[in-house]
Every structure is written in C-alpha cells, then in structure tokens.
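Single-structure report; data block below.
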Amino acid sequence: MVKNLMKNAAQNDDGPEHIESDTMPDEDFYILRLYVAGQTKKSLAAFANLKKICEEHLGGRYSIEVIDLLENPQLDKGDQILAVPTLVRKLPEPIKKIIGDLSNTECVLVGLDLLPARCAQ
C-alpha cells in the first residue's frame, strides 16, 4: 500500500504531485519536499514515516511534495540535495533538511521545530 501511495505521490509527466491535508487551522502551514531516488526500501519507509508524522503531529497543516530524482534529476539543484531520501521543510522558514528514512520520530519533530532540541544530545 505504501508503495502505491508513494507512486501516486511521486513524479508524473506533469512534474511532482502534491499531497495536501484537508484542514487549515490558523497555525503555521508546513510545505515539505521529500527527495527520493526511485522506490527503494528507504524511500518507501521515509514516505510512510513522513505521512504518519504529519497526520499525527501537524493536524492538517501540511503539504507534501515527493520528488523522484531518477525521474527529474535537475530538481535537486534548487535545494542542493546531496543524499536521498532527504526531507526539506520549505515553510515555515527557515528552510531545514533532514536526511534518512525519518524513522526516528523525535528527531524529525525536532528538525521540523515541533519539539525542543533534545535528540542531538
């Protein structure tokens, strides 16, 4: 199922597809980009982990754009992607990057500024 979800959220001929939440409270709205290289085990895990984190902690205040660099390698230039999977938080500013499969929920929440920095210690 995750593979199908990611495939549907990945590139198509028109460019990256966006996944948006249903509700828009007055709090910060998160625009997230997940850079992947095909549908590898890590890429699928990163997408599944990101969806779960967003649904549980952002309460409908997010948009996810999945960019498959195998399909559109030129799209890594703007965000200077060096490894995949990489999550880029475009909004709210400042821009932040998290590399990996996003399996450590606490570190992802710290990286998204949803928890105080404890994970790096």
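Residues in the structure tokens are numbered from 1 in each chain, the chains being A, B, ... in the order shown, and ligands are numbered from 1 in the order shown.
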Just the residues within 10 Å of Thr105 (chain A), please, counting only C-alpha atoms, with nothing from its chain fewer than 3 positions along; format it as a PDB file with N, CA and C atoms, in the first residue's frame.
ATOM      1  N   ASN A  49       6.847   7.053   6.927  1.00  0.00           N
ATOM      2  CA  ASN A  49       7.127   7.705   8.206  1.00  0.00           C
ATOM      3  C   ASN A  49       6.707   9.172   8.189  1.00  0.00           C
ATOM      4  N   LEU A  50       6.966   9.854   7.090  1.00  0.00           N
ATOM      5  CA  LEU A  50       6.596  11.265   6.975  1.00  0.00           C
ATOM      6  C   LEU A  50       5.083  11.438   7.022  1.00  0.00           C
ATOM      7  N   LYS A  52       2.878   9.498   8.397  1.00  0.00           N
ATOM      8  CA  LYS A  52       2.420   9.197   9.754  1.00  0.00           C
ATOM      9  C   LYS A  52       2.705  10.370  10.698  1.00  0.00           C
ATOM     10  N   ILE A  53       3.917  10.910  10.625  1.00  0.00           N
ATOM     11  CA  ILE A  53       4.294  12.038  11.485  1.00  0.00           C
ATOM     12  C   ILE A  53       3.403  13.243  11.202  1.00  0.00           C
ATOM     13  N   LEU A 102      13.577   8.842   8.137  1.00  0.00           N
ATOM     14  CA  LEU A 102      12.659   9.533   9.040  1.00  0.00           C
ATOM     15  C   LEU A 102      12.047   8.594  10.070  1.00  0.00           C
ATOM     16  N   VAL A 108      12.841  13.829  13.882  1.00  0.00           N
ATOM     17  CA  VAL A 108      12.103  14.501  12.804  1.00  0.00           C
ATOM     18  C   VAL A 108      11.302  15.660  13.382  1.00  0.00           C
ATOM     19  N   LEU A 109      10.647  15.451  14.510  1.00  0.00           N
ATOM     20  CA  LEU A 109       9.877  16.527  15.142  1.00  0.00           C
ATOM     21  C   LEU A 109      10.779  17.680  15.568  1.00  0.00           C
ATOM     22  N   VAL A 110      11.977  17.369  16.052  1.00  0.00           N
ATOM     23  CA  VAL A 110      12.951  18.415  16.392  1.00  0.00           C
ATOM     24  C   VAL A 110      13.364  19.151  15.122  1.00  0.00           C
ATOM     25  N   GLY A 111      13.630  18.399  14.050  1.00  0.00           N
ATOM     26  CA  GLY A 111      14.029  19.001  12.780  1.00  0.00           C
ATOM     27  C   GLY A 111      12.947  19.890  12.173  1.00  0.00           C
ATOM     28  N   CYS A 119      17.224  15.716  20.706  1.00  0.00           N
ATOM     29  CA  CYS A 119      17.629  14.498  20.003  1.00  0.00           C
ATOM     30  C   CYS A 119      19.113  14.500  19.655  1.00  0.00           C
TER      31      CYS A 119
END
Determine, counting only C-alpha atoms, which protein, DNA and RNA residues have an atom within 10 Å of an atom of Ile95 (chain A); residues of the same chain fewer than 3 positions away are not included. Present the result as a PDB file with N, CA and C atoms, in the first residue's frame.
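In the end it all went to part36.pdb:
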ATOM      1  N   ILE A  31       5.169  23.296   4.357  1.00  0.00           N
ATOM      2  CA  ILE A  31       5.382  22.836   2.991  1.00  0.00           C
ATOM      3  C   ILE A  31       6.643  21.992   3.016  1.00  0.00           C
ATOM      4  N   LEU A  32       6.474  20.705   2.708  1.00  0.00           N
ATOM      5  CA  LEU A  32       7.554  19.729   2.826  1.00  0.00           C
ATOM      6  C   LEU A  32       7.840  19.100   1.478  1.00  0.00           C
ATOM      7  N   ASP A  79      17.468  22.804  -4.050  1.00  0.00           N
ATOM      8  CA  ASP A  79      17.603  22.523  -2.628  1.00  0.00           C
ATOM      9  C   ASP A  79      18.940  21.896  -2.273  1.00  0.00           C
ATOM     10  N   VAL A  88      12.970  18.240   2.971  1.00  0.00           N
ATOM     11  CA  VAL A  88      13.247  19.672   3.038  1.00  0.00           C
ATOM     12  C   VAL A  88      11.986  20.377   3.509  1.00  0.00           C
ATOM     13  N   ARG A  89      12.104  21.115   4.610  1.00  0.00           N
ATOM     14  CA  ARG A  89      10.990  21.939   5.085  1.00  0.00           C
ATOM     15  C   ARG A  89      11.145  23.304   4.436  1.00  0.00           C
ATOM     16  N   LYS A  90      10.256  23.607   3.478  1.00  0.00           N
ATOM     17  CA  LYS A  90      10.302  24.893   2.777  1.00  0.00           C
ATOM     18  C   LYS A  90       9.656  25.989   3.612  1.00  0.00           C
ATOM     19  N   LEU A  91       8.531  25.684   4.208  1.00  0.00           N
ATOM     20  CA  LEU A  91       7.820  26.612   5.086  1.00  0.00           C
ATOM     21  C   LEU A  91       7.354  25.852   6.307  1.00  0.00           C
ATOM     22  N   PRO A  92       7.284  26.474   7.469  1.00  0.00           N
ATOM     23  CA  PRO A  92       7.693  27.846   7.737  1.00  0.00           C
ATOM     24  C   PRO A  92       9.214  27.979   7.689  1.00  0.00           C
ATOM     25  N   LEU A 112      11.700  19.558  12.434  1.00  0.00           N
ATOM     26  CA  LEU A 112      10.580  20.381  11.943  1.00  0.00           C
ATOM     27  C   LEU A 112      10.220  21.497  12.917  1.00  0.00           C
TER      28      LEU A 112
END
If you measure from CA of Asp76 (chain A) to CA of Lys97 (chain A), what distance in Å do you get, rounded to one decimal?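 Computing the Euclidean distance for CA of Asp76 (chain A) and CA of Lys97 (chain A) yields 12.8 Å.
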Could you check how far CA of Gly38 (chain A) sits from CA of Ser103 (chain A), in Å to one decimal? 18.5 Å
To one decimal in Å, tell me the separation between CA of Ala46 (chain A) and CA of Ile67 (chain A). 12.4 Å
